>>> print(open('input-v9.cif').read())   # mmCIF, C-alpha atoms
data_start
#
loop_
_atom_site.group_PDB
_atom_site.id
_atom_site.type_symbol
_atom_site.label_atom_id
_atom_site.label_comp_id
_atom_site.auth_asym_id
_atom_site.auth_seq_id
_atom_site.Cartn_x
_atom_site.Cartn_y
_atom_site.Cartn_z
ATOM 1 C CA MET A 88 27.141 11.096 -26.161
ATOM 2 C CA PRO A 89 26.365 11.130 -22.395
ATOM 3 C CA LYS A 90 22.782 10.534 -21.446
ATOM 4 C CA ARG A 91 20.793 13.641 -20.564
ATOM 5 C CA THR A 92 19.047 13.647 -17.180
ATOM 6 C CA HIS A 93 16.007 15.713 -16.270
ATOM 7 C CA LYS A 94 14.961 17.439 -13.073
ATOM 8 C CA TRP A 95 11.334 16.426 -12.596
ATOM 9 C CA LYS A 96 8.753 18.313 -10.590
ATOM 10 C CA ARG A 97 7.429 16.733 -7.424
ATOM 11 C CA LEU A 98 4.056 15.084 -8.058
ATOM 12 C CA PRO A 99 1.064 16.634 -6.246
ATOM 13 C CA SER A 100 -0.182 14.782 -3.166
ATOM 14 C CA SER A 101 -3.617 14.501 -4.815
ATOM 15 C CA VAL A 102 -2.214 12.080 -7.424
ATOM 16 C CA SER A 103 -3.226 8.489 -6.599
ATOM 17 C CA LEU A 104 -0.607 5.768 -6.093
ATOM 18 C CA ALA A 105 -1.553 3.990 -9.323
ATOM 19 C CA HIS A 106 -1.313 7.268 -11.247
ATOM 20 C CA ARG A 107 2.100 7.934 -9.631
ATOM 21 C CA ALA A 108 3.387 4.541 -10.768
ATOM 22 C CA PHE A 109 2.284 5.276 -14.335
ATOM 23 C CA VAL A 110 3.842 8.770 -14.376
ATOM 24 C CA LEU A 111 7.154 7.522 -12.953
ATOM 25 C CA LYS A 112 7.374 4.828 -15.622
ATOM 26 C CA LEU A 113 6.456 7.413 -18.269
ATOM 27 C CA ARG A 114 9.305 9.610 -17.022
ATOM 28 C CA GLU A 115 11.746 6.699 -17.235
ATOM 29 C CA LEU A 116 10.625 6.173 -20.814
ATOM 30 C CA ARG A 117 11.156 9.842 -21.660
ATOM 31 C CA GLU A 118 14.751 9.650 -20.298
ATOM 32 C CA VAL A 119 15.608 7.372 -23.228
ATOM 33 C CA SER A 120 15.634 10.383 -25.579
ATOM 34 C CA ASP A 121 18.088 13.294 -25.573
ATOM 35 C CA ARG A 122 15.714 15.400 -27.663
ATOM 36 C CA THR A 123 13.592 18.197 -26.250
ATOM 37 C CA GLN A 124 9.999 17.568 -25.254
ATOM 38 C CA ALA A 125 8.881 19.953 -27.998
ATOM 39 C CA GLN A 126 10.567 17.737 -30.592
ATOM 40 C CA ILE A 127 9.140 14.544 -29.112
ATOM 41 C CA SER A 128 5.622 15.966 -28.743
ATOM 42 C CA GLN A 129 5.648 17.017 -32.398
ATOM 43 C CA ASP A 130 6.234 13.405 -33.466
ATOM 44 C CA VAL A 131 3.477 12.192 -31.121
ATOM 45 C CA TYR A 132 1.081 14.853 -32.467
ATOM 46 C CA LEU A 133 0.710 16.425 -29.031
ATOM 47 C CA ALA A 134 1.183 19.993 -27.848
ATOM 48 C CA PRO A 135 4.372 20.397 -25.762
ATOM 49 C CA THR A 136 2.252 21.609 -22.850
ATOM 50 C CA SER A 137 0.105 18.461 -23.062
ATOM 51 C CA LEU A 138 3.125 16.154 -22.921
ATOM 52 C CA SER A 139 4.518 18.151 -19.983
ATOM 53 C CA ASN A 140 1.157 17.849 -18.233
ATOM 54 C CA HIS A 141 1.165 14.066 -18.671
ATOM 55 C CA LEU A 142 4.702 13.839 -17.232
ATOM 56 C CA ASN A 143 3.830 15.934 -14.189
ATOM 57 C CA GLY A 144 0.772 14.063 -12.943
ATOM 58 C CA GLY A 145 -1.936 15.952 -14.823
ATOM 59 C CA ARG A 146 -4.287 14.388 -17.349
ATOM 60 C CA ILE A 147 -3.640 10.765 -18.280
ATOM 61 C CA PRO A 148 -2.809 10.479 -22.024
ATOM 62 C CA GLU A 149 -4.935 8.521 -24.459
ATOM 63 C CA ALA A 150 -3.802 4.954 -25.216
ATOM 64 C CA GLU A 151 -2.994 5.821 -28.837
ATOM 65 C CA HIS A 152 -0.661 8.617 -27.697
ATOM 66 C CA VAL A 153 1.060 6.240 -25.263
ATOM 67 C CA GLU A 154 1.584 3.700 -28.047
ATOM 68 C CA LYS A 155 2.876 6.371 -30.446
ATOM 69 C CA LEU A 156 5.261 7.752 -27.805
ATOM 70 C CA TYR A 157 6.550 4.287 -26.996
ATOM 71 C CA LYS A 158 7.209 3.446 -30.671
ATOM 72 C CA ILE A 159 9.083 6.707 -31.303
ATOM 73 C CA LEU A 160 11.271 6.328 -28.218
ATOM 74 C CA SER A 161 11.804 2.619 -28.902
ATOM 75 C CA ASP A 162 13.153 3.415 -32.372
ATOM 76 C CA GLU A 163 15.382 6.117 -30.923
ATOM 77 C CA ALA A 164 16.648 3.771 -28.199
ATOM 78 C CA ALA A 165 17.526 1.158 -30.810
ATOM 79 C CA ALA A 166 19.464 3.734 -32.817
ATOM 80 C CA THR A 167 21.461 4.841 -29.757
ATOM 81 C CA SER A 168 21.875 1.321 -28.271
ATOM 82 C CA ARG A 169 19.899 2.178 -25.148
ATOM 83 C CA ALA A 170 17.613 -0.179 -23.257
ATOM 84 C CA MET A 171 13.899 0.497 -22.865
ATOM 85 C CA PRO A 172 12.813 0.722 -19.201
ATOM 86 C CA CYS A 173 9.642 -1.338 -19.714
ATOM 87 C CA SER A 174 7.457 -3.054 -22.278
ATOM 88 C CA LEU A 175 4.504 -1.406 -23.995
ATOM 89 C CA SER A 176 2.112 -3.890 -22.396
ATOM 90 C CA LEU A 177 3.317 -2.955 -18.885
ATOM 91 C CA LEU A 178 2.990 0.756 -19.667
ATOM 92 C CA LEU A 179 -0.581 0.294 -20.915
ATOM 93 C CA GLU A 180 -1.374 -1.839 -17.863
ATOM 94 C CA LEU A 181 -0.149 0.911 -15.523
ATOM 95 C CA ARG A 182 -2.233 3.429 -17.489
ATOM 96 C CA ALA A 183 -5.345 1.274 -17.094
ATOM 97 C CA LYS A 184 -4.781 1.025 -13.320
ATOM 98 C CA ALA A 185 -4.285 4.798 -13.105
ATOM 99 C CA LEU A 186 -7.699 5.315 -14.709
ATOM 100 C CA VAL A 187 -9.517 3.230 -12.077
ATOM 101 C CA LYS A 188 -11.617 5.357 -9.782
ATOM 102 C CA HIS A 189 -11.685 3.484 -6.464
ATOM 103 C CA CYS A 190 -14.351 5.526 -4.703
ATOM 104 C CA GLY A 191 -16.252 8.796 -4.740
ATOM 105 C CA CYS A 192 -13.415 10.781 -3.154
ATOM 106 C CA CYS A 193 -10.786 9.617 -5.677
ATOM 107 C CA SER A 194 -9.954 11.532 -8.811
ATOM 108 C CA VAL A 195 -8.238 10.528 -12.008
ATOM 109 C CA GLY A 196 -6.443 12.777 -14.476
ATOM 110 C CA SER A 197 -8.217 11.677 -17.627
ATOM 111 C CA PRO A 198 -11.392 12.629 -19.429
ATOM 112 C CA GLY A 199 -12.449 9.037 -18.837
ATOM 113 C CA ALA A 200 -13.233 9.955 -15.246
ATOM 114 C CA THR A 201 -16.275 11.917 -16.365
ATOM 115 C CA ALA A 202 -17.244 9.634 -19.225
ATOM 116 C CA ALA A 203 -19.722 7.806 -17.014
ATOM 117 C CA THR A 204 -21.838 10.942 -16.600
ATOM 118 C CA PRO A 205 -24.910 10.483 -18.827
ATOM 119 C CA ASP A 206 -25.400 13.069 -21.540
ATOM 120 C CA ALA A 207 -28.704 14.866 -21.936
ATOM 121 C CA GLN A 208 -31.223 13.343 -24.316
ATOM 122 C CA PRO A 209 -31.762 15.196 -27.613
ATOM 123 C CA THR A 210 -34.804 17.451 -27.611
ATOM 124 C CA ALA A 211 -35.932 16.435 -31.077
ATOM 125 C CA ALA A 212 -34.716 14.462 -34.080
ATOM 126 C CA GLY A 213 -31.808 16.321 -35.638
ATOM 127 C CA SER A 214 -31.896 19.203 -33.119
ATOM 128 C CA PRO A 215 -28.914 19.814 -30.792
ATOM 129 C CA ALA A 216 -29.256 19.577 -27.041
ATOM 130 C CA PRO A 217 -29.219 22.815 -25.030
ATOM 131 C CA LYS A 218 -25.741 23.999 -24.028
ATOM 132 C CA HIS A 219 -26.511 24.146 -20.320
ATOM 133 C CA VAL A 220 -26.928 20.345 -20.064
ATOM 134 C CA ARG A 221 -23.208 19.874 -20.895
ATOM 135 C CA ARG A 222 -22.001 21.671 -17.782
ATOM 136 C CA ARG A 223 -19.880 19.597 -15.463
ATOM 137 C CA PRO A 224 -21.327 18.656 -12.063
ATOM 138 C CA ARG A 225 -20.158 20.451 -8.949
ATOM 139 C CA ARG A 226 -17.641 17.766 -8.032
ATOM 140 C CA PRO A 227 -15.814 19.367 -5.059
ATOM 141 C CA ARG A 228 -18.947 19.237 -2.883
ATOM 142 C CA VAL A 229 -19.629 15.596 -3.865
ATOM 143 C CA ARG A 230 -16.045 14.544 -3.091
ATOM 144 C CA LEU A 231 -16.127 16.059 0.369
ATOM 145 C CA SER A 232 -19.373 14.374 1.321
ATOM 146 C CA ALA A 233 -18.228 11.003 -0.045
ATOM 147 C CA ARG A 234 -14.958 11.267 1.867
ATOM 148 C CA HIS A 235 -16.660 11.872 5.205
ATOM 149 C CA ARG A 236 -19.157 9.063 4.606
ATOM 150 C CA GLY A 237 -16.585 6.512 3.431
ATOM 151 C CA ILE A 238 -13.927 6.834 6.185
ATOM 152 C CA PRO A 239 -14.620 5.048 9.479
ATOM 153 C CA ARG A 240 -13.794 7.305 12.423
ATOM 154 C CA THR A 241 -12.554 4.863 15.033
ATOM 155 C CA PRO A 242 -10.233 6.184 17.771
ATOM 156 C CA ALA A 243 -6.544 5.432 17.204
ATOM 157 C CA GLU A 244 -6.265 4.029 20.749
ATOM 158 C CA ALA A 245 -8.613 1.181 19.811
ATOM 159 C CA GLN A 246 -5.899 -0.266 17.558
ATOM 160 C CA VAL A 247 -3.215 -0.366 20.313
ATOM 161 C CA PRO A 248 -2.980 -3.922 21.724
ATOM 162 C CA VAL A 249 -1.170 -2.900 24.973
ATOM 163 C CA PRO A 250 -1.457 -0.014 27.452
ATOM 164 C CA LEU A 251 -0.114 3.255 26.134
ATOM 165 C CA ARG A 252 2.776 3.462 28.611
ATOM 166 C CA GLU A 253 4.096 0.014 27.713
ATOM 167 C CA GLY A 254 3.453 -0.281 23.987
ATOM 168 C CA ASP A 255 5.954 0.517 21.262
ATOM 169 C CA ARG A 256 3.866 1.309 18.202
ATOM 170 C CA HIS A 257 1.333 3.901 19.361
ATOM 171 C CA LEU A 258 -0.018 5.173 16.049
ATOM 172 C CA THR A 259 -0.720 8.855 16.553
ATOM 173 C CA THR A 260 -1.974 9.368 13.003
ATOM 174 C CA PRO A 261 -5.461 10.959 13.071
ATOM 175 C CA ALA A 262 -8.357 8.930 11.668
ATOM 176 C CA ASP A 263 -9.046 11.739 9.177
ATOM 177 C CA THR A 264 -5.886 10.809 7.264
ATOM 178 C CA ALA A 265 -7.122 7.332 6.273
ATOM 179 C CA TRP A 266 -6.611 6.812 2.535
ATOM 180 C CA PRO A 267 -8.846 4.876 0.118
ATOM 181 C CA GLU A 268 -5.665 3.232 -1.215
ATOM 182 C CA ILE A 269 -5.346 1.266 2.038
ATOM 183 C CA ARG A 270 -8.673 -0.452 1.386
ATOM 184 C CA THR A 271 -7.649 -1.089 -2.220
ATOM 185 C CA LEU A 272 -4.344 -2.560 -1.039
ATOM 186 C CA ALA A 273 -6.142 -4.850 1.413
ATOM 187 C CA GLU A 274 -8.540 -6.010 -1.308
ATOM 188 C CA SER A 275 -5.644 -6.718 -3.705
ATOM 189 C CA LEU A 276 -3.804 -8.766 -1.084
ATOM 190 C CA SER A 277 -6.879 -10.741 -0.069
ATOM 191 C CA ALA A 278 -7.726 -11.461 -3.717
ATOM 192 C CA GLY A 279 -4.199 -12.658 -4.477
ATOM 193 C CA ARG A 280 -3.411 -9.767 -6.850
ATOM 194 C CA SER A 281 0.175 -9.534 -5.655
ATOM 195 C CA ARG A 282 1.347 -7.554 -8.705
ATOM 196 C CA ASP A 283 -1.162 -4.778 -8.043
ATOM 197 C CA ALA A 284 -0.237 -4.736 -4.349
ATOM 198 C CA ASP A 285 3.498 -4.607 -5.106
ATOM 199 C CA ILE A 286 3.013 -1.608 -7.425
ATOM 200 C CA MET A 287 1.057 0.269 -4.750
ATOM 201 C CA MET A 288 3.591 -0.475 -1.986
ATOM 202 C CA TRP A 289 6.556 0.412 -4.189
ATOM 203 C CA SER A 290 4.959 3.687 -5.288
ATOM 204 C CA ALA A 291 4.061 4.649 -1.708
ATOM 205 C CA ALA A 292 7.588 3.932 -0.452
ATOM 206 C CA THR A 293 9.500 5.673 -3.235
ATOM 207 C CA THR A 294 7.354 8.681 -4.191
ATOM 208 C CA LEU A 295 5.501 9.912 -1.095
ATOM 209 C CA SER A 296 6.869 12.509 1.310
ATOM 210 C CA ALA A 297 8.302 11.427 4.668
ATOM 211 C CA ARG A 298 5.089 12.364 6.508
ATOM 212 C CA ASP A 299 2.909 10.547 3.949
ATOM 213 C CA VAL A 300 5.068 7.400 4.177
ATOM 214 C CA GLN A 301 4.607 7.482 7.966
ATOM 215 C CA ILE A 302 0.841 7.848 7.544
ATOM 216 C CA PHE A 303 0.692 5.031 4.995
ATOM 217 C CA VAL A 304 2.622 2.683 7.307
ATOM 218 C CA ALA A 305 0.458 3.664 10.281
ATOM 219 C CA GLN A 306 -2.755 3.021 8.345
ATOM 220 C CA CYS A 307 -1.444 -0.365 7.190
ATOM 221 C CA ARG A 308 -0.761 -1.287 10.830
ATOM 222 C CA ALA A 309 -4.212 -0.085 11.880
ATOM 223 C CA ALA A 310 -5.830 -2.166 9.112
ATOM 224 C CA GLY A 311 -3.944 -5.305 10.155
ATOM 225 C CA LEU A 312 -1.619 -5.242 7.135
ATOM 226 C CA GLY A 313 1.600 -5.744 9.078
ATOM 227 C CA LYS A 314 3.518 -7.458 6.275
ATOM 228 C CA ALA A 315 2.531 -4.710 3.838
ATOM 229 C CA ALA A 316 3.784 -2.070 6.290
ATOM 230 C CA ASP A 317 7.103 -3.926 6.605
ATOM 231 C CA GLN A 318 7.395 -4.124 2.810
ATOM 232 C CA VAL A 319 6.783 -0.367 2.427
ATOM 233 C CA ILE A 320 9.493 0.339 5.020
ATOM 234 C CA THR A 321 11.932 -2.019 3.278
ATOM 235 C CA ASN A 322 11.288 -0.323 -0.072
ATOM 236 C CA ALA A 323 11.687 3.130 1.505
ATOM 237 C CA ALA A 324 15.128 2.101 2.783
ATOM 238 C CA ARG A 325 16.352 2.145 -0.828
ATOM 239 C CA ARG A 326 15.873 5.912 -1.114
ATOM 240 C CA ASP A 327 18.723 8.376 -0.645
ATOM 241 C CA ALA A 328 20.183 8.921 2.815
ATOM 242 C CA GLN A 329 18.415 12.242 3.463
ATOM 243 C CA ALA A 330 15.018 10.822 2.510
ATOM 244 C CA VAL A 331 15.575 7.814 4.810
ATOM 245 C CA LEU A 332 16.480 10.113 7.710
ATOM 246 C CA ASN A 333 13.387 12.253 7.098
ATOM 247 C CA ILE A 334 11.133 9.187 7.100
ATOM 248 C CA ALA A 335 12.791 7.808 10.244
ATOM 249 C CA THR A 336 12.251 11.174 11.962
ATOM 250 C CA ALA A 337 8.566 11.181 10.990
ATOM 251 C CA LEU A 338 8.137 7.628 12.325
ATOM 252 C CA HIS A 339 9.944 8.483 15.569
ATOM 253 C CA THR A 340 7.885 11.644 16.066
ATOM 254 C CA SER A 341 4.715 9.561 15.729
ATOM 255 C CA GLU A 342 6.089 7.078 18.339
ATOM 256 C CA GLN A 343 6.468 4.298 15.765
ATOM 257 C CA TYR A 344 9.836 3.421 17.228
ATOM 258 C CA ALA A 345 9.975 -0.168 15.950
ATOM 259 C CA ASP A 346 9.175 1.006 12.418
ATOM 260 C CA ALA A 347 11.914 3.638 12.593
ATOM 261 C CA GLY A 348 14.383 0.989 13.764
ATOM 262 C CA LEU A 349 13.338 -1.381 10.961
ATOM 263 C CA LEU A 350 13.858 1.385 8.395
ATOM 264 C CA LEU A 351 17.353 2.274 9.632
ATOM 265 C CA THR A 352 18.380 -1.389 9.823
ATOM 266 C CA ALA A 353 17.187 -2.039 6.272
ATOM 267 C CA ALA A 354 18.961 1.104 5.056
ATOM 268 C CA ALA A 355 22.215 -0.036 6.679
ATOM 269 C CA GLN A 356 21.903 -3.416 4.953
ATOM 270 C CA GLU A 357 21.350 -1.644 1.616
ATOM 271 C CA GLU A 358 24.600 0.273 2.135
ATOM 272 C CA GLN A 359 26.530 -2.952 2.702
ATOM 273 C CA THR A 360 25.246 -4.668 -0.462
#
>>> encode(input="input-v9.cif", output="C-alpha cells")
Amino acid sequence: MPKRTHKWKRLPSSVSLAHRAFVLKLRELREVSDRTQAQISQDVYLAPTSLSNHLNGGRIPEAEHVEKLYKILSDEAAATSRAMPCSLSLLLELRAKALVKHCGCCSVGSPGATAATPDAQPTAAGSPAPKHVRRRPRRPRVRLSARHRGIPRTPAEAQVPVPLREGDRHLTTPADTAWPEIRTLAESLSAGRSRDADIMMWSAATTLSARDVQIFVAQCRAAGLGKAADQVITNAARRDAQAVLNIATALHTSEQYADAGLLLTAAAQEEQT
C-alpha cells in the first residue's frame, strides 16, 4: 500500500524555533501511519482536536501522551515494515527544549508555561480558595514591556565595518526585529552545546519564511555569529527551488548580496549532488 502524505498547515510565526523542531518531528512521526487522526487519537486517549492542535504548533502535549503516541506508531511501523523517523528519547528531548521559556517575551504552548505562577493560599483549613485568585495574569501587557526592555536598540549602521557606499553586507533589518533566539543561539555556541545550536539553525533555515530567514541571518551577522549565519544559509539551500529563490530575493532586497550569492552557490551544489 503506498504511503499516505499529508498537507500540513504553516506554523504560526509566534512559535519558537525549539517548538518548531518538536512539531516537525512529531509530524514526521505521524506520517508513519495511514490511519486517520481520529483513529490515532482514540488510541492515545486524546480528542482529535487536541492531537490536531499539537501537530499545528498549539499546546505542547504531555510526556505520557508523547510516549503513548510513539508506542502506537512504533507498533504500526513494525507491522508495515516502515522505519521510525526518530527515537523516543530524541522526541522527548525536543519536547523538553520546546517547553523552555527563554525570556519574558517568549511563549510556550503548554500548561507548564504558567505552572510557575504561585497559587493563592487557602483561606482556612479545609475551605476552598476564592475563585477570583485563579484568574490568569494579564500576560499581553507583560510581554510587550519585557520585549522593549530586553532588546538593545543599537543603530544598524554601527555594525557595518566599512563605509556604506563600499560595503557589501549592509544589514537593513530594523533593530526592532531582534529575536531572543539569537541570544539563545549565541549562548549555546559559547557553552559548547552544538546539538542545541544545530537544531535551532536547522529549524530556522527549513521552516521560517523567506523574510524571516533573511532577518535571522542578518541578526546573526550583527551579533558576530558569522559561521552560524553561513550554516543557516547552507541549510536553507536544501529547500525547494522556489523557496531558495524567495530567500535569495529577500537577501538581495536587504543588500545582503554576499549572503544571496552564498545561498545560490550552495543550492547549485545541492543540485549537482
>>> residues_near_point(input="input-v9.cif", point="(6.4, 16.1, 4.0)", cutoff="9 Å", atoms="only C-alpha atoms", output="VMD selection string")
chain A and resid 295 to 300 333 to 334 337
>>> atom_distance(input="input-v9.cif", atom1="atom CA of A:Leu116", atom2="atom CA of A:Pro172")
6.1 Å
>>> resolve_selection(input="input-v9.cif", expression="the PyMOL selection byres ((chain A and resi 294) around 10)", output="VMD selection string")
chain A and resid 97 to 98 100 104 107 to 108 111 289 to 293 295 to 297 299 to 300 323 326
>>> atom_distance(input="input-v9.cif", atom1="atom CA of A:Glu357", atom2="atom CA of A:Ala324")
7.4 Å
>>> resolve_selection(input="input-v9.cif", expression="the PyMOL selection byres ((chain A and resi 156-161) around 9)", output="list in words")
Leu116, Arg117, Val119, Ser120, Ile127, Ser128, Asp130, Val131, Glu151, His152, Val153, Glu154, Lys155, Asp162, Glu163, Ala164, Ala165, Ala166, Arg169, Ala170, Met171, Ser174, Leu175 and Leu178 of chain A
>>> atom_distance(input="input-v9.cif", atom1="atom CA of A:Leu113", atom2="atom CA of A:Leu186")
14.7 Å
>>> resolve_selection(input="input-v9.cif", expression="the PyMOL selection byres ((chain A and resi 286) around 12)", output="PyMOL selection string")
chain A and resi 103-109+111-112+177+180-181+184-185+268+271-272+275-276+280-285+287-294+315+318-319+322
>>> write_last_selection(input="input-v9.cif", atoms="C-alpha atoms", output="tab-separated table (two decimals), in the frame of the given file")
chain	number	residue	atom	x	y	z
A	103	SER	CA	-3.23	8.49	-6.60
A	104	LEU	CA	-0.61	5.77	-6.09
A	105	ALA	CA	-1.55	3.99	-9.32
A	106	HIS	CA	-1.31	7.27	-11.25
A	107	ARG	CA	2.10	7.93	-9.63
A	108	ALA	CA	3.39	4.54	-10.77
A	109	PHE	CA	2.28	5.28	-14.34
A	111	LEU	CA	7.15	7.52	-12.95
A	112	LYS	CA	7.37	4.83	-15.62
A	177	LEU	CA	3.32	-2.96	-18.89
A	180	GLU	CA	-1.37	-1.84	-17.86
A	181	LEU	CA	-0.15	0.91	-15.52
A	184	LYS	CA	-4.78	1.02	-13.32
A	185	ALA	CA	-4.28	4.80	-13.10
A	268	GLU	CA	-5.66	3.23	-1.22
A	271	THR	CA	-7.65	-1.09	-2.22
A	272	LEU	CA	-4.34	-2.56	-1.04
A	275	SER	CA	-5.64	-6.72	-3.70
A	276	LEU	CA	-3.80	-8.77	-1.08
A	280	ARG	CA	-3.41	-9.77	-6.85
A	281	SER	CA	0.18	-9.53	-5.66
A	282	ARG	CA	1.35	-7.55	-8.70
A	283	ASP	CA	-1.16	-4.78	-8.04
A	284	ALA	CA	-0.24	-4.74	-4.35
A	285	ASP	CA	3.50	-4.61	-5.11
A	287	MET	CA	1.06	0.27	-4.75
A	288	MET	CA	3.59	-0.48	-1.99
A	289	TRP	CA	6.56	0.41	-4.19
A	290	SER	CA	4.96	3.69	-5.29
A	291	ALA	CA	4.06	4.65	-1.71
A	292	ALA	CA	7.59	3.93	-0.45
A	293	THR	CA	9.50	5.67	-3.24
A	294	THR	CA	7.35	8.68	-4.19
A	315	ALA	CA	2.53	-4.71	3.84
A	318	GLN	CA	7.40	-4.12	2.81
A	319	VAL	CA	6.78	-0.37	2.43
A	322	ASN	CA	11.29	-0.32	-0.07
>>> decode(input="input-v9.cif", residues="stretch 119-131 of chain A", atoms="N, CA, C and O atoms", output="PDB file, in the first residue's frame")
ATOM      1  N   VAL A 119       4.045   8.042   9.690  1.00  0.00           N
ATOM      2  CA  VAL A 119       4.263   6.595   9.685  1.00  0.00           C
ATOM      3  C   VAL A 119       2.941   5.849   9.500  1.00  0.00           C
ATOM      4  O   VAL A 119       2.903   4.771   8.901  1.00  0.00           O
ATOM      5  N   SER A 120       1.846   6.436  10.003  1.00  0.00           N
ATOM      6  CA  SER A 120       0.549   5.752   9.993  1.00  0.00           C
ATOM      7  C   SER A 120      -0.312   6.221   8.832  1.00  0.00           C
ATOM      8  O   SER A 120      -0.325   7.413   8.483  1.00  0.00           O
ATOM      9  N   ASP A 121      -1.057   5.275   8.235  1.00  0.00           N
ATOM     10  CA  ASP A 121      -2.022   5.599   7.189  1.00  0.00           C
ATOM     11  C   ASP A 121      -3.418   5.807   7.767  1.00  0.00           C
ATOM     12  O   ASP A 121      -4.345   6.128   7.037  1.00  0.00           O
ATOM     13  N   ARG A 122      -3.569   5.633   9.073  1.00  0.00           N
ATOM     14  CA  ARG A 122      -4.875   5.803   9.691  1.00  0.00           C
ATOM     15  C   ARG A 122      -5.205   7.280   9.863  1.00  0.00           C
ATOM     16  O   ARG A 122      -4.340   8.140   9.786  1.00  0.00           O
ATOM     17  N   THR A 123      -6.469   7.568  10.098  1.00  0.00           N
ATOM     18  CA  THR A 123      -6.894   8.942  10.321  1.00  0.00           C
ATOM     19  C   THR A 123      -6.460   9.397  11.711  1.00  0.00           C
ATOM     20  O   THR A 123      -6.191   8.590  12.591  1.00  0.00           O
ATOM     21  N   GLN A 124      -6.405  10.720  11.884  1.00  0.00           N
ATOM     22  CA  GLN A 124      -6.014  11.248  13.185  1.00  0.00           C
ATOM     23  C   GLN A 124      -7.065  10.939  14.252  1.00  0.00           C
ATOM     24  O   GLN A 124      -6.726  10.803  15.430  1.00  0.00           O
ATOM     25  N   ALA A 125      -8.317  10.785  13.833  1.00  0.00           N
ATOM     26  CA  ALA A 125      -9.356  10.420  14.803  1.00  0.00           C
ATOM     27  C   ALA A 125      -9.108   9.020  15.349  1.00  0.00           C
ATOM     28  O   ALA A 125      -9.275   8.769  16.550  1.00  0.00           O
ATOM     29  N   GLN A 126      -8.661   8.107  14.481  1.00  0.00           N
ATOM     30  CA  GLN A 126      -8.369   6.747  14.928  1.00  0.00           C
ATOM     31  C   GLN A 126      -7.148   6.723  15.838  1.00  0.00           C
ATOM     32  O   GLN A 126      -7.114   6.030  16.859  1.00  0.00           O
ATOM     33  N   ILE A 127      -6.119   7.468  15.453  1.00  0.00           N
ATOM     34  CA  ILE A 127      -4.893   7.500  16.261  1.00  0.00           C
ATOM     35  C   ILE A 127      -5.169   8.141  17.619  1.00  0.00           C
ATOM     36  O   ILE A 127      -4.735   7.646  18.659  1.00  0.00           O
ATOM     37  N   SER A 128      -5.880   9.273  17.615  1.00  0.00           N
ATOM     38  CA  SER A 128      -6.137   9.989  18.868  1.00  0.00           C
ATOM     39  C   SER A 128      -6.954   9.138  19.831  1.00  0.00           C
ATOM     40  O   SER A 128      -6.797   9.247  21.043  1.00  0.00           O
ATOM     41  N   GLN A 129      -7.825   8.284  19.296  1.00  0.00           N
ATOM     42  CA  GLN A 129      -8.610   7.410  20.170  1.00  0.00           C
ATOM     43  C   GLN A 129      -7.724   6.439  20.928  1.00  0.00           C
ATOM     44  O   GLN A 129      -7.936   6.171  22.110  1.00  0.00           O
ATOM     45  N   ASP A 130      -6.686   5.912  20.257  1.00  0.00           N
ATOM     46  CA  ASP A 130      -5.753   5.001  20.921  1.00  0.00           C
ATOM     47  C   ASP A 130      -4.888   5.718  21.947  1.00  0.00           C
ATOM     48  O   ASP A 130      -4.429   5.123  22.926  1.00  0.00           O
ATOM     49  N   VAL A 131      -4.606   7.010  21.696  1.00  0.00           N
ATOM     50  CA  VAL A 131      -3.757   7.785  22.607  1.00  0.00           C
ATOM     51  C   VAL A 131      -4.575   8.389  23.751  1.00  0.00           C
ATOM     52  O   VAL A 131      -4.012   8.989  24.661  1.00  0.00           O
TER      53      VAL A 131
END
